[in-house]
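Okay, run-v1.cif is below, mmCIF, C-alpha atoms and all ligand atoms:
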```cif
data_protein
loop_
_atom_site.label_atom_id
_atom_site.label_comp_id
_atom_site.auth_asym_id
_atom_site.auth_seq_id
_atom_site.Cartn_x
_atom_site.Cartn_y
_atom_site.Cartn_z
CA MET A 10 -24.46 180.59 -91.39
CA GLU A 11 -28.02 179.42 -91.17
CA ILE A 12 -28.22 175.66 -90.70
CA LEU A 13 -31.12 174.17 -92.63
CA SER A 14 -30.30 170.49 -92.43
CA ARG A 15 -31.62 168.52 -89.49
CA ASN A 16 -30.68 164.84 -89.26
CA ARG A 17 -33.59 164.14 -86.94
CA ARG A 18 -36.11 164.62 -89.79
CA LEU A 19 -35.11 161.20 -91.09
CA ARG A 20 -35.82 159.66 -87.68
CA LYS A 21 -39.23 161.26 -87.28
CA SER A 22 -41.42 158.15 -87.49
CA GLU A 23 -41.08 154.42 -87.79
CA ALA A 24 -42.24 154.61 -91.41
CA ILE A 25 -39.58 157.15 -92.35
CA ARG A 26 -36.93 155.24 -90.39
CA GLN A 27 -37.81 152.14 -92.35
CA MET A 28 -37.66 154.01 -95.65
CA VAL A 29 -34.11 155.22 -95.06
CA ARG A 30 -32.76 152.15 -93.27
CA GLU A 31 -29.51 151.00 -94.87
CA THR A 32 -29.38 147.49 -93.43
CA SER A 33 -32.04 144.99 -92.61
CA ILE A 34 -32.10 141.32 -91.91
CA SER A 35 -34.13 138.51 -93.44
CA THR A 36 -34.42 134.77 -92.94
CA SER A 37 -32.33 134.05 -96.05
CA ASP A 38 -29.35 135.68 -94.31
CA LEU A 39 -29.38 133.09 -91.55
CA ILE A 40 -27.59 129.74 -91.40
CA ALA A 41 -28.60 127.42 -88.55
CA PRO A 42 -25.85 125.24 -87.04
CA LEU A 43 -27.26 121.85 -85.95
CA PHE A 44 -25.78 119.10 -83.77
CA LEU A 45 -26.28 115.49 -84.67
CA MET A 46 -25.60 112.69 -82.18
CA GLU A 47 -25.71 108.92 -82.50
CA GLY A 48 -26.44 106.25 -79.95
CA PHE A 49 -29.50 107.73 -78.25
CA ILE A 50 -33.10 108.59 -79.00
CA GLY A 51 -34.66 112.02 -79.32
CA LYS A 52 -32.90 115.24 -78.41
CA GLU A 53 -30.90 116.52 -75.48
CA GLU A 54 -30.34 120.14 -74.54
CA ILE A 55 -26.74 121.41 -74.33
CA ALA A 56 -26.25 122.79 -70.83
CA SER A 57 -24.17 125.80 -71.84
CA MET A 58 -26.38 126.54 -74.86
CA PRO A 59 -29.99 126.70 -73.62
CA GLY A 60 -32.45 126.14 -76.49
CA ILE A 61 -29.87 124.25 -78.61
CA PHE A 62 -29.97 120.46 -78.78
CA ARG A 63 -28.02 117.39 -79.78
CA HIS A 64 -30.42 115.56 -82.12
CA ASP A 65 -30.78 111.99 -83.20
CA LEU A 66 -31.38 111.57 -86.93
CA LYS A 67 -35.17 111.68 -86.68
CA SER A 68 -35.19 114.73 -84.45
CA LEU A 69 -32.67 116.40 -86.77
CA ILE A 70 -34.98 115.92 -89.74
CA HIS A 71 -37.88 117.41 -87.75
CA GLU A 72 -35.73 120.40 -86.90
CA VAL A 73 -34.81 120.88 -90.57
CA ARG A 74 -38.52 120.72 -91.44
CA ASP A 75 -39.33 123.42 -88.84
CA LEU A 76 -36.49 125.65 -90.01
CA SER A 77 -37.52 125.23 -93.61
CA LYS A 78 -41.10 126.25 -92.77
CA LEU A 79 -39.74 129.38 -91.12
CA GLY A 80 -37.86 130.34 -94.28
CA ILE A 81 -34.33 129.28 -93.29
CA LYS A 82 -32.42 128.28 -96.42
CA CYS A 83 -29.28 126.69 -95.02
CA VAL A 84 -28.21 124.46 -92.14
CA SER A 85 -24.67 123.71 -91.05
CA LEU A 86 -24.19 120.23 -89.57
CA PHE A 87 -21.84 119.18 -86.78
CA PRO A 88 -21.52 115.60 -85.51
CA VAL A 89 -21.22 114.50 -81.89
CA ILE A 90 -19.14 111.32 -82.13
CA ASP A 91 -19.09 108.57 -79.52
CA GLU A 92 -15.83 108.66 -77.49
CA ASN A 93 -15.05 105.04 -78.38
CA LYS A 94 -15.22 105.85 -82.10
CA LYS A 95 -12.57 108.54 -81.76
CA ASP A 96 -8.94 107.74 -82.52
CA PRO A 97 -5.71 109.65 -83.28
CA ARG A 98 -6.26 109.42 -87.05
CA ALA A 99 -9.93 110.43 -86.90
CA PHE A 100 -10.95 107.40 -88.97
CA GLU A 101 -14.66 107.87 -88.36
CA SER A 102 -14.46 111.11 -90.37
CA ILE A 103 -14.15 109.12 -93.59
CA ASN A 104 -16.62 106.35 -92.82
CA PRO A 105 -19.06 106.32 -95.78
CA GLU A 106 -21.71 104.75 -93.51
CA GLY A 107 -21.04 107.13 -90.61
CA ILE A 108 -23.96 108.99 -89.06
CA TYR A 109 -22.79 112.25 -90.62
CA GLN A 110 -23.01 111.05 -94.23
CA LEU A 111 -26.31 109.36 -93.39
CA ALA A 112 -27.74 112.64 -92.12
CA ILE A 113 -26.59 114.59 -95.18
CA ARG A 114 -28.29 112.05 -97.46
CA GLU A 115 -31.43 112.01 -95.35
CA ILE A 116 -31.82 115.81 -95.29
CA LYS A 117 -31.23 116.15 -99.03
CA HIS A 118 -33.69 113.32 -99.64
CA SER A 119 -36.46 114.80 -97.46
CA TYR A 120 -35.78 118.51 -98.09
CA PRO A 121 -33.85 118.80 -101.36
CA GLU A 122 -34.25 122.59 -101.40
CA MET A 123 -32.51 122.98 -98.02
CA VAL A 124 -28.88 124.00 -98.55
CA VAL A 125 -26.68 121.69 -96.50
CA MET A 126 -23.31 122.93 -95.29
CA THR A 127 -20.90 120.40 -93.80
CA ASP A 128 -17.87 120.64 -91.57
CA VAL A 129 -14.36 119.60 -92.57
CA ALA A 130 -11.93 119.30 -89.63
CA LEU A 131 -10.77 116.38 -87.53
CA ASP A 132 -11.74 117.57 -84.04
CA PRO A 133 -15.14 115.85 -83.75
CA TYR A 134 -13.48 112.50 -84.56
CA SER A 135 -10.02 112.91 -83.06
CA SER A 136 -9.14 111.35 -79.70
CA ASP A 137 -6.69 114.28 -79.35
CA GLY A 138 -9.42 116.87 -79.82
CA HIS A 139 -7.42 118.76 -82.44
CA ASP A 140 -8.48 119.88 -85.91
CA GLY A 141 -5.42 118.19 -87.40
CA LEU A 142 -3.32 115.10 -86.83
CA VAL A 143 -0.99 115.34 -83.83
CA ASP A 144 2.63 114.19 -84.07
CA LYS A 145 3.08 111.79 -81.15
CA LYS A 146 6.67 112.75 -80.36
CA THR A 147 6.54 116.53 -80.70
CA GLY A 148 2.86 117.28 -80.16
CA LYS A 149 2.91 119.35 -83.37
CA ILE A 150 -0.18 119.56 -85.58
CA LEU A 151 0.76 118.02 -88.93
CA ASN A 152 -0.38 120.24 -91.79
CA ASP A 153 0.03 118.33 -95.05
CA GLU A 154 -0.80 114.90 -93.60
CA THR A 155 -4.02 116.38 -92.23
CA ILE A 156 -4.97 117.85 -95.60
CA GLU A 157 -5.04 114.37 -97.17
CA ILE A 158 -7.80 113.35 -94.76
CA LEU A 159 -9.64 116.67 -95.17
CA CYS A 160 -9.78 116.11 -98.93
CA GLN A 161 -11.25 112.64 -98.44
CA MET A 162 -13.82 114.06 -96.01
CA ALA A 163 -14.81 116.80 -98.45
CA VAL A 164 -15.29 114.39 -101.36
CA LEU A 165 -17.25 111.97 -99.18
CA GLN A 166 -19.53 114.74 -97.92
CA ALA A 167 -20.03 116.06 -101.45
CA SER A 168 -20.93 112.56 -102.62
CA ALA A 169 -23.52 112.32 -99.82
CA GLY A 170 -25.10 115.52 -101.13
CA SER A 171 -23.44 118.38 -99.26
CA ASP A 172 -23.93 121.71 -101.03
CA ILE A 173 -21.28 123.66 -99.15
CA ILE A 174 -18.04 122.32 -97.73
CA GLY A 175 -16.93 124.27 -94.66
CA PRO A 176 -13.27 123.68 -93.77
CA SER A 177 -12.99 124.89 -90.15
CA ASP A 178 -9.52 123.48 -89.53
CA MET A 179 -7.11 126.32 -90.47
CA MET A 180 -4.43 124.11 -92.03
CA ASP A 181 -2.40 126.05 -94.61
CA ASN A 182 -3.34 125.51 -98.26
CA ARG A 183 -6.30 123.24 -97.55
CA ILE A 184 -8.77 125.21 -99.64
CA GLY A 185 -6.82 124.66 -102.84
CA ALA A 186 -6.27 121.00 -102.07
CA ILE A 187 -9.96 120.43 -101.30
CA ARG A 188 -11.03 122.36 -104.42
CA LYS A 189 -8.77 120.17 -106.56
CA ALA A 190 -10.05 116.99 -104.94
CA LEU A 191 -13.67 118.04 -105.52
CA GLU A 192 -13.01 118.97 -109.15
CA ALA A 193 -11.15 115.71 -109.78
CA ASP A 194 -14.18 113.72 -108.63
CA GLY A 195 -16.65 115.80 -110.62
CA TYR A 196 -18.06 117.89 -107.77
CA THR A 197 -17.56 121.10 -109.70
CA ASP A 198 -20.73 122.70 -108.29
CA THR A 199 -20.01 122.03 -104.63
CA LEU A 200 -19.22 125.31 -102.90
CA ILE A 201 -16.47 125.94 -100.38
CA MET A 202 -17.16 128.32 -97.52
CA SER A 203 -13.74 128.77 -96.01
CA TYR A 204 -13.25 129.57 -92.34
CA THR A 205 -10.79 132.19 -93.62
CA ALA A 206 -10.15 134.32 -90.54
CA LYS A 207 -10.68 131.87 -87.73
CA TYR A 208 -9.19 133.10 -84.49
CA ALA A 209 -7.87 131.10 -81.55
CA SER A 210 -10.78 132.31 -79.48
CA ASN A 211 -12.09 131.85 -75.97
CA PHE A 212 -15.63 132.02 -77.33
CA TYR A 213 -15.77 128.37 -78.50
CA GLY A 214 -16.20 126.77 -75.07
CA PRO A 215 -19.90 125.82 -75.26
CA PHE A 216 -19.40 124.32 -78.76
CA ARG A 217 -16.62 122.09 -77.42
CA ASP A 218 -18.99 121.10 -74.59
CA ALA A 219 -21.59 120.21 -77.19
CA LEU A 220 -19.19 117.95 -79.11
CA HIS A 221 -17.05 116.82 -76.16
CA SER A 222 -14.20 117.91 -78.43
CA ALA A 223 -11.92 120.12 -76.33
CA PRO A 224 -8.20 119.49 -77.04
CA LYS A 225 -6.72 116.89 -74.67
CA GLN A 226 -3.31 118.61 -74.77
CA GLY A 227 -2.37 122.21 -75.50
CA ASP A 228 -4.43 124.73 -77.41
CA LYS A 229 -5.14 125.62 -81.05
CA LYS A 230 -2.85 128.64 -81.25
CA THR A 231 -0.41 127.13 -83.78
CA TYR A 232 -3.12 126.95 -86.40
CA GLN A 233 -5.92 129.36 -85.46
CA MET A 234 -5.14 133.09 -85.69
CA ASP A 235 -3.82 135.31 -82.92
CA TYR A 236 -6.53 137.74 -81.86
CA GLY A 237 -4.07 140.62 -81.80
CA ASN A 238 -3.84 140.52 -85.59
CA SER A 239 -5.89 141.94 -88.43
CA ILE A 240 -3.40 142.43 -91.30
CA GLU A 241 -2.76 138.68 -91.09
CA ALA A 242 -6.45 138.17 -91.90
CA LEU A 243 -5.78 139.83 -95.27
CA ARG A 244 -3.07 137.27 -96.02
CA GLU A 245 -5.50 134.46 -95.23
CA LEU A 246 -8.05 136.16 -97.48
CA LYS A 247 -5.65 136.44 -100.41
CA HIS A 248 -4.75 132.77 -100.05
CA ASP A 249 -8.35 131.58 -99.95
CA GLU A 250 -9.32 133.71 -102.94
CA LEU A 251 -6.46 132.29 -105.00
CA GLU A 252 -7.20 128.76 -103.81
CA GLY A 253 -10.82 128.90 -104.95
CA ALA A 254 -13.00 129.68 -101.94
CA ASP A 255 -16.54 130.72 -102.89
CA ILE A 256 -17.44 132.36 -99.58
CA VAL A 257 -15.07 133.64 -96.88
CA MET A 258 -15.92 133.51 -93.20
CA VAL A 259 -14.88 135.51 -90.18
CA LYS A 260 -15.09 133.73 -86.84
CA PRO A 261 -15.96 134.60 -84.11
CA GLY A 262 -18.26 137.43 -85.07
CA LEU A 263 -19.07 139.97 -82.40
CA ALA A 264 -15.60 140.90 -81.24
CA TYR A 265 -14.38 140.78 -84.88
CA LEU A 266 -16.69 143.20 -86.69
CA ASP A 267 -13.58 145.14 -87.71
CA ILE A 268 -12.35 142.12 -89.63
CA ILE A 269 -15.70 141.70 -91.38
CA LYS A 270 -15.66 145.38 -92.33
CA MET A 271 -12.08 145.11 -93.57
CA TYR A 272 -12.97 142.06 -95.68
CA SER A 273 -15.91 143.93 -97.21
CA GLU A 274 -13.43 146.54 -98.45
CA HIS A 275 -10.93 144.00 -99.78
CA THR A 276 -12.91 141.23 -101.46
CA SER A 277 -15.74 140.85 -103.91
CA LEU A 278 -16.56 137.41 -102.53
CA PRO A 279 -19.57 137.02 -100.23
CA ILE A 280 -18.66 137.20 -96.54
CA ALA A 281 -20.10 135.02 -93.77
CA ALA A 282 -19.93 135.78 -90.06
CA TYR A 283 -20.04 133.06 -87.41
CA ASN A 284 -21.90 134.24 -84.32
CA VAL A 285 -20.30 131.54 -82.14
CA SER A 286 -21.39 129.49 -79.15
CA GLY A 287 -19.83 131.69 -76.46
CA GLU A 288 -21.60 134.74 -77.85
CA TYR A 289 -24.87 132.82 -77.78
CA ALA A 290 -24.29 131.62 -74.22
CA MET A 291 -23.54 135.13 -72.91
CA ILE A 292 -26.75 136.55 -74.31
CA LYS A 293 -28.84 133.61 -73.10
CA ALA A 294 -27.39 133.86 -69.60
CA ALA A 295 -27.98 137.59 -69.29
CA ALA A 296 -31.50 137.21 -70.69
CA GLN A 297 -32.31 134.42 -68.24
CA LYS A 298 -31.36 136.76 -65.43
CA GLY A 299 -33.71 139.35 -66.89
CA TRP A 300 -30.85 141.78 -67.41
CA ILE A 301 -31.37 142.30 -71.16
CA ASP A 302 -34.22 142.04 -73.65
CA GLU A 303 -33.10 138.97 -75.62
CA LYS A 304 -35.19 139.43 -78.77
CA LYS A 305 -34.22 143.06 -79.23
CA ILE A 306 -30.56 142.42 -78.53
CA VAL A 307 -30.44 139.51 -80.97
CA HIS A 308 -32.03 141.65 -83.68
CA GLU A 309 -29.51 144.43 -83.01
CA ILE A 310 -26.52 142.10 -83.06
CA LEU A 311 -27.52 140.26 -86.22
CA THR A 312 -28.16 143.59 -87.95
CA ALA A 313 -24.68 144.73 -86.89
CA PHE A 314 -23.09 141.73 -88.65
CA LYS A 315 -24.82 142.74 -91.86
CA ARG A 316 -23.99 146.41 -91.39
CA ALA A 317 -20.32 145.46 -91.05
CA GLY A 318 -20.47 143.68 -94.41
CA ALA A 319 -21.55 140.08 -93.87
CA SER A 320 -24.07 138.72 -96.33
CA MET A 321 -24.85 135.68 -94.19
CA ILE A 322 -24.62 134.75 -90.54
CA LEU A 323 -24.16 131.37 -88.93
CA THR A 324 -26.04 131.77 -85.68
CA TYR A 325 -27.63 129.62 -82.98
CA PHE A 326 -30.32 132.31 -82.89
CA ALA A 327 -31.39 131.47 -86.46
CA LYS A 328 -34.65 129.80 -85.44
CA ASP A 329 -35.59 132.45 -82.85
CA MET A 330 -34.80 135.24 -85.29
CA ALA A 331 -36.77 133.58 -88.09
CA GLN A 332 -39.74 133.23 -85.74
CA LEU A 333 -39.45 136.91 -84.87
CA LEU A 334 -39.23 137.91 -88.55
CA ASN A 335 -42.31 135.78 -89.29
CA GLU A 336 -44.40 137.46 -86.61
C1 LIG A 401 -13.64 123.19 -84.82
C2 LIG A 401 -14.77 124.13 -84.70
C3 LIG A 401 -15.00 124.96 -83.59
C4 LIG A 401 -16.16 125.67 -83.86
C5 LIG A 401 -16.61 125.28 -85.12
N1 LIG A 401 -15.74 124.33 -85.62
C6 LIG A 401 -14.29 125.05 -82.32
C7 LIG A 401 -12.84 125.09 -82.30
O1 LIG A 401 -12.18 125.56 -83.23
O2 LIG A 401 -12.30 124.62 -81.30
C8 LIG A 401 -16.76 126.67 -82.92
C9 LIG A 401 -18.15 127.10 -83.16
C10 LIG A 401 -18.78 127.78 -82.02
O3 LIG A 401 -18.15 128.07 -80.98
O4 LIG A 401 -19.98 128.06 -82.13
N2 LIG A 401 -13.31 122.76 -86.07
#
```
If you took the structure in this file and wrote it as structure tokens, what would it be?
Ligand code: PBG
Amino acid sequence: MEILSRNRRLRKSEAIRQMVRETSISTSDLIAPLFLMEGFIGKEEIASMPGIFRHDLKSLIHEVRDLSKLGIKCVSLFPVIDENKKDPRAFESINPEGIYQLAIREIKHSYPEMVVMTDVALDPYSSDGHDGLVDKKTGKILNDETIEILCQMAVLQASAGSDIIGPSDMMDNRIGAIRKALEADGYTDTLIMSYTAKYASNFYGPFRDALHSAPKQGDKKTYQMDYGNSIEALRELKHDELEGADIVMVKPGLAYLDIIKMYSEHTSLPIAAYNVSGEYAMIKAAAQKGWIDEKKIVHEILTAFKRAGASMILTYFAKDMAQLLNE
């Protein structure tokens, strides 16, 4: 048989490649995680995350301004809490005058069009460094007791102006409880982006450096998912859909593209991927050695998240990528 089709015709020139490209990336796909710290002035680079900073409030607002100018639509805030404000019950997490609520208000005041996503979990505030309350006797992470605090955090953040609540804690049934708490207080338009498939991953190290939030005892394997599992991610998905999540997230991203792809075939909700700190650090380190071309690799990786089925990506490369897309 004579073969008349030639796949290479569609790769003939850059123009034709662009015309037939299935997936591309734009600044509105990117969510920039930002670190906010109190008790110092200016900004300080995180050693294991070159190019990423802990900001004081003023510096944070400047960063939001720069990101906004570059076309970034959403930032995700994380607080770095002073060690002496941490305690076993994570009280600082529900302080209405805490730096976190202050920052949410300040961003929404200065840049109302910027979508602000906020974090719901106890680890930044907990002297135990866990996402939930720790039972003193057994060392167990207490599910339902934790959820009560998470609900208070969510309502407080919504009242400060948060657009998207991001529960990163992996307690069972917290999405439904938070949804109910938000509805009860009239925050019917506040979104929930659930960390739906959040794995107990070794890729979070630099983030825990940034927050000084590594667990003091044990690990997070009784609440975060086992990385040998994918079917289990479907159970988490079903739960979050029923409980009222608006967006479902897969985290980490790079080693979990199969989970993103699977979600895209099983849900009609938008999917977010979290390109986490360890993934960022690996690329930065290799690039600093001159072993890889950072810009090209970042473009390729972020495109891969979208190709797998993510409609948005939380990434520490958001600013770099936006600069590249603006060039
Ligand atoms: C904890 C939290 C973690 C990250 C986001 N929220 C770390 C953890 O679960 O220990 C990691 C993000 C990253 O590595 O970039 N609630």
Would you work out the distance separating CA of Arg17 in chain A from CA of Glu31 in chain A, expressed in Å to one decimal?
->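 So the answer is 15.9 Å.
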So which residues touch range 90-107 of chain A within 6 Å, counting all atoms listed in the file, skipping near sequence neighbours fewer than 2 positions away, as a list in words?
-> Pro88, Tyr109, Gln110, Tyr134, Ser135, Ser136 and Met162 of chain A
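Near Ala209 in chain A, within 12 Å and counting all atoms listed in the file, sit A:Ser177, A:Asp178, A:Met179, A:Tyr213, A:Gly214, A:Asp228, A:Lys229, A:Lys230, A:Thr231, A:Tyr232, A:Gln233, A:Met234, A:Asp235, A:Tyr236, A:Gly237, A:Asn238, A:Val259, A:Lys260, A:Pro261; same-chain residues fewer than 4 positions away were not included.
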Using all atoms listed in the file, which residues sit within 7 Å of Ala282 in chain A once same-chain residues fewer than 4 positions away are excluded, as a ChimeraX atom specification?
-> /A:258-260,262,314,319,321-323
Within 6 Å of ligand LIG 401 (chain A): each chain A residue with its shortest pair, all atoms listed in the file, as CSV:
```
residue,atom,partner,partner_atom,distance
A:Ala130,CA,A:LIG401,N2,5.2
A:Asp132,CA,A:LIG401,N2,5.8
A:Asp140,CA,A:LIG401,N2,5.6
A:Ser177,CA,A:LIG401,N2,4.6
A:Asp178,CA,A:LIG401,N2,5.2
A:Phe212,CA,A:LIG401,O3,5.9
A:Tyr213,CA,A:LIG401,O3,3.5
A:Phe216,CA,A:LIG401,O3,4.5
A:Val285,CA,A:LIG401,O4,3.5
A:Ser286,CA,A:LIG401,O4,3.6
```
Can you pull out every residue within 12 Å of Lys67 in chain A, counting all atoms listed in the file, but drop anything in the same chain fewer than 6 positions away, and send it as a PDB file with C-alpha atoms, keeping the file's coordinate frame?
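What follows is the written file around.pdb:
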```pdb
ATOM      1  CA  LEU A  45     -26.280 115.490 -84.670  1.00  0.00           C
ATOM      2  CA  MET A  46     -25.600 112.690 -82.180  1.00  0.00           C
ATOM      3  CA  GLU A  47     -25.710 108.920 -82.500  1.00  0.00           C
ATOM      4  CA  PHE A  49     -29.500 107.730 -78.250  1.00  0.00           C
ATOM      5  CA  ILE A  50     -33.100 108.590 -79.000  1.00  0.00           C
ATOM      6  CA  GLY A  51     -34.660 112.020 -79.320  1.00  0.00           C
ATOM      7  CA  LYS A  52     -32.900 115.240 -78.410  1.00  0.00           C
ATOM      8  CA  VAL A  73     -34.810 120.880 -90.570  1.00  0.00           C
ATOM      9  CA  ARG A  74     -38.520 120.720 -91.440  1.00  0.00           C
ATOM     10  CA  ILE A 108     -23.960 108.990 -89.060  1.00  0.00           C
ATOM     11  CA  LEU A 111     -26.310 109.360 -93.390  1.00  0.00           C
ATOM     12  CA  ALA A 112     -27.740 112.640 -92.120  1.00  0.00           C
ATOM     13  CA  GLU A 115     -31.430 112.010 -95.350  1.00  0.00           C
ATOM     14  CA  ILE A 116     -31.820 115.810 -95.290  1.00  0.00           C
ATOM     15  CA  SER A 119     -36.460 114.800 -97.460  1.00  0.00           C
TER      16      SER A 119
END
```
So how many Å separate CA of Glu241 in chain A and CA of Tyr265 in chain A, to one decimal?
-> 13.3 Å
Which is closest to Ala56 in chain A among A:Ala290, A:Ile70, A:Val129, A:Ile113, if we use only C-alpha atoms?
-> A:Ala290
From the list A:Gly148, A:Gly138, A:Gly80, A:Gly175, the nearest residue to Tyr283 in chain A using all atoms listed in the file is A:Gly175
Using only C-alpha atoms, the residue out of A:Tyr204, A:Phe87, A:Phe326, A:Tyr120 with shortest distance to Ala281 in chain A is A:Tyr204
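CA of Ile55 in chain A to CA of His139 in chain A spans 21.1 Å [interatomic distance, one decimal].
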Between A:Asp329, A:Asp65, A:Glu54, A:Asp144, single out the one closest to Gln226 in chain A, counting all atoms listed in the file.
->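 Once distances to Gln226 in chain A are computed over all atoms listed in the file, the minimum belongs to A:Asp144.
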Select, from A:Glu245, A:Glu250, A:Asp255, A:Asp153, the residue with the minimum atom-to-atom distance to Ile173 in chain A, counting only C-alpha atoms.
-> A:Asp255
From the set A:Asp38, A:Glu154, A:Asp172, A:Glu303, which residue has the shortest atom-to-atom contact distance to Ala327 in chain A, counting all atoms listed in the file?
->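 Nearest to Ala327 in chain A: A:Asp38.
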Within 10 Å of Lys304 in chain A, counting only C-alpha atoms, which residues show up once you throw out same-chain ones fewer than 5 positions away? Write them as a ChimeraX atom specification, please.
-> /A:292,296,309,326,329-330,333
Contacts between range 192-199 of chain A and range 238-317 of chain A, please, where a residue of range 238-317 of chain A counts if it comes within 12 Å (with all atoms listed in the file); show its shortest atom pair and distance in Å to one decimal, rows by chain and ascending number, as CSV.
```
residue,atom,partner,partner_atom,distance
A:Gly253,CA,A:Glu192,CA,11.0
A:Ala254,CA,A:Thr199,CA,10.7
A:Asp255,CA,A:Thr199,CA,9.5
A:Ile256,CA,A:Thr199,CA,11.8
```
